[in-house]
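Everything on this sheet refers to the single structure shown next.
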Amino acid sequence: MARVVVDVMLKPEILDPQGQAVANALPRLGVNDVASVRIGRRVEIDFAGDADLERAREIADKLLANPVIEDYEIRVVEAA
Amino acid sequence: MSKIGVVTFPGSLDDGDAARAARISGAEVVRLWHADPDLHGVDAVVLPGGFSYGDYLRCGAIARFAPVMETIADAARGGMPVLGICNGFQILCEAHLLPGALTRNQHLHFRNRDQWLRMENSSTAWTSHFTEGQEILIPVKNGEGCYVADQRTLDELEAGGQIVARYIRGNPNGSVRDIAAIRNEAGNVLGIMPHPEHAVEALTGPSLDGLGFFSSVLKHLADAKAAA
């Protein structure tokens with residue numbers, strides 16, 4: 001089995017209110033030196049055979065990310 | 001009599017109200033099922049509000065690939081009137097039938113209230129019965145209704161008269177430029193975040209302003225038939 005990881009993040013110019021809410025909570029933990037927090041999504045795709053990056057890219061582009069508001073990065077990792 | 005199709009996805013909530021609104025306005029209503037690509041001869045389609053496929057991944061992202069949506073996307077590109085309300089608007093954006101995207105409300109809270117809108121464009125299949133500048137009151141209820149698009153797209157929407165309605169007296173979700181509804185270039189596809197189908201009867205709605213969307217499309221369809 002081969003695993004491909006897709007990291008999906010909101011584009012930098014898109015407001016991330018979830019990340020902001022987390023950043024705003026940090027002072028309550030005594031953390032005051034964080035400038036910003038942004039939250040994304042990690043997707044793990046396990047191929048039955050070899051890792052197919054081309055296919056993974058298609059999956060990411062058509063379904064996992066909305067290219068209007070999100071960027072994604074793809075990499076092959078060793079499956080655990 | 002013109003036929004308006006109302007799609008039900010797993011997780012749709014407002015399909016019943018949308019069908020009721022279309023019926024009250026004088027349409028013959030045809031209920032469409034997400035897994036059936038056949039549009040059963042309808043003249044227009046409503047994609048209702050709710051949480052299609054649980055809104056997993058992103059709102060509307062999975063519904064976009066429903067068999068019925070492939071047919072609707074082709075029909076919409078061919079000029080069939082399509083109205084996406086709330087989740088339906090999200091689906092239209094995910095399907096690239098409308099530009100931009102709908103994201104988490106800026107303040108992270110679900111908003112449910114009666115909302116004033118200013119109608120800004122009457123040249124769509126769904127809004128010809130409104131006058132430009134008319135203020136209407138219909139319910140809004142969403143958690144991910146914050147409309148976003150890049151500056152160039154927003155400027156194009158403004159220049160092309162594609163911003164159909166804006167929030168007034170308070171923006172409920174942080175949408176850029178107070179956008180509540182947009183149309184495609186041709187004017188047959190309309191996406192709106194608030195809910196016209198909940199404002200069609202005095203007993204349950206804050207107004208009857210929602211009827212205008214349905215009566216507009218019926219007029220549009222009747223005119224098209226008369227011209228044919």
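Letters A, B, ... go to the chains of the structure tokens in the order shown; residues in each chain start at 1; ligands are counted from 1 in the same order.
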Using only C-alpha atoms, find each residue in chain B having at least one atom no more than 8 Å away from chain A; report its shortest atom-to-atom pair and that distance in Å (one decimal), rows by chain then rising number, as a tab-separated table.
residue	atom	partner	partner_atom	distance
B:Leu57	CA	A:Leu64	CA	7.1
B:Ala61	CA	A:Leu63	CA	6.7
B:Ile62	CA	A:Leu63	CA	7.5
B:Glu94	CA	A:Asn66	CA	7.3
B:Gly100	CA	A:Val68	CA	6.3
B:Ala101	CA	A:Val68	CA	6.7
B:Arg104	CA	A:Pro17	CA	7.3
B:Asn105	CA	A:Pro17	CA	7.8
B:Gln106	CA	A:Pro17	CA	5.7
B:His107	CA	A:Pro17	CA	6.9
B:Leu108	CA	A:Pro17	CA	6.6
B:Val148	CA	A:Ile14	CA	7.8
B:Ala149	CA	A:Val68	CA	7.3
Suppose we keep C-alpha atoms; can you now write the selection as a compact mmCIF listing (two decimals), in the first residue's frame?
# COMPACT_ATOMS: atom_id res chain seq x y z
CA LEU B 57 -15.35 18.19 3.14
CA ALA B 61 -18.40 19.86 -2.66
CA ILE B 62 -19.79 16.35 -2.86
CA GLU B 94 -18.53 24.34 -6.25
CA GLY B 100 -16.35 32.65 -6.03
CA ALA B 101 -17.03 30.53 -2.96
CA ARG B 104 -17.39 30.10 7.24
CA ASN B 105 -19.22 33.11 8.64
CA GLN B 106 -16.61 35.64 9.66
CA HIS B 107 -17.80 35.66 13.29
CA LEU B 108 -18.09 31.82 13.31
CA VAL B 148 -15.56 35.49 -1.15
CA ALA B 149 -13.88 35.95 -4.52
Discussion item. Which of stretch 4-67 of chain A end up as alpha helix (DSSP H) when DSSP is run on this backbone - answer as a list in words?
Written reply: Pro17, Gln18, Gly19, Gln20, Ala21, Val22, Ala23, Asn24, Ala25, Leu53, Glu54, Arg55, Ala56, Arg57, Glu58 and Ile59 of chain A
Proximity check stretch 114-142 of chain B to stretch 210-215 of chain B, 6 Å, nearest pairs one decimal Å, only C-alpha atoms, as a Markdown table:
| residue | atom | partner | partner_atom | distance |
| --- | --- | --- | --- | --- |
| B:Trp126 | CA | B:Phe213 | CA | 4.9 |
| B:Thr127 | CA | B:Phe213 | CA | 5.4 |
| B:His129 | CA | B:Gly212 | CA | 5.7 |
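Nearest to B:Phe9 of all the residues B:Thr71, B:Asn188, B:Gln115, B:Ser52 is B:Ser52, based on only C-alpha atoms.
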Worksheet item: Which residues come within 10 Å of A:Val77, counting only C-alpha atoms, excluding same-chain residues fewer than 5 positions away, as an MDAnalysis selection string?
Response: chainID A and resid 2:5 44 46 51
Item to complete: Do a neighbour search on stretch 80-83 of chain B at 10 Å with only C-alpha atoms, toss out local chain neighbours closer than 3 positions, and write the hits as a ChimeraX atom specification.
Response: /B:4-6,42-48,72-77,86,88-89,92,97,124-126,183,186-192,213-214,217,220-221
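Each of A:Ile45, A:Asn32, A:Glu54, A:Gly40 was checked against A:Met9 using only C-alpha atoms; the smallest atom-to-atom distance is that of A:Gly40.
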Discussion item. Based on the backbone DSSP call, show me all residues of chain A assigned strand (DSSP E or B), as JSON, numbers by chain.
Written reply: {"A": [2, 3, 4, 5, 6, 7, 8, 9, 10, 41, 42, 43, 44, 45, 46, 47, 70, 71, 72, 73, 74, 75, 76, 77]}
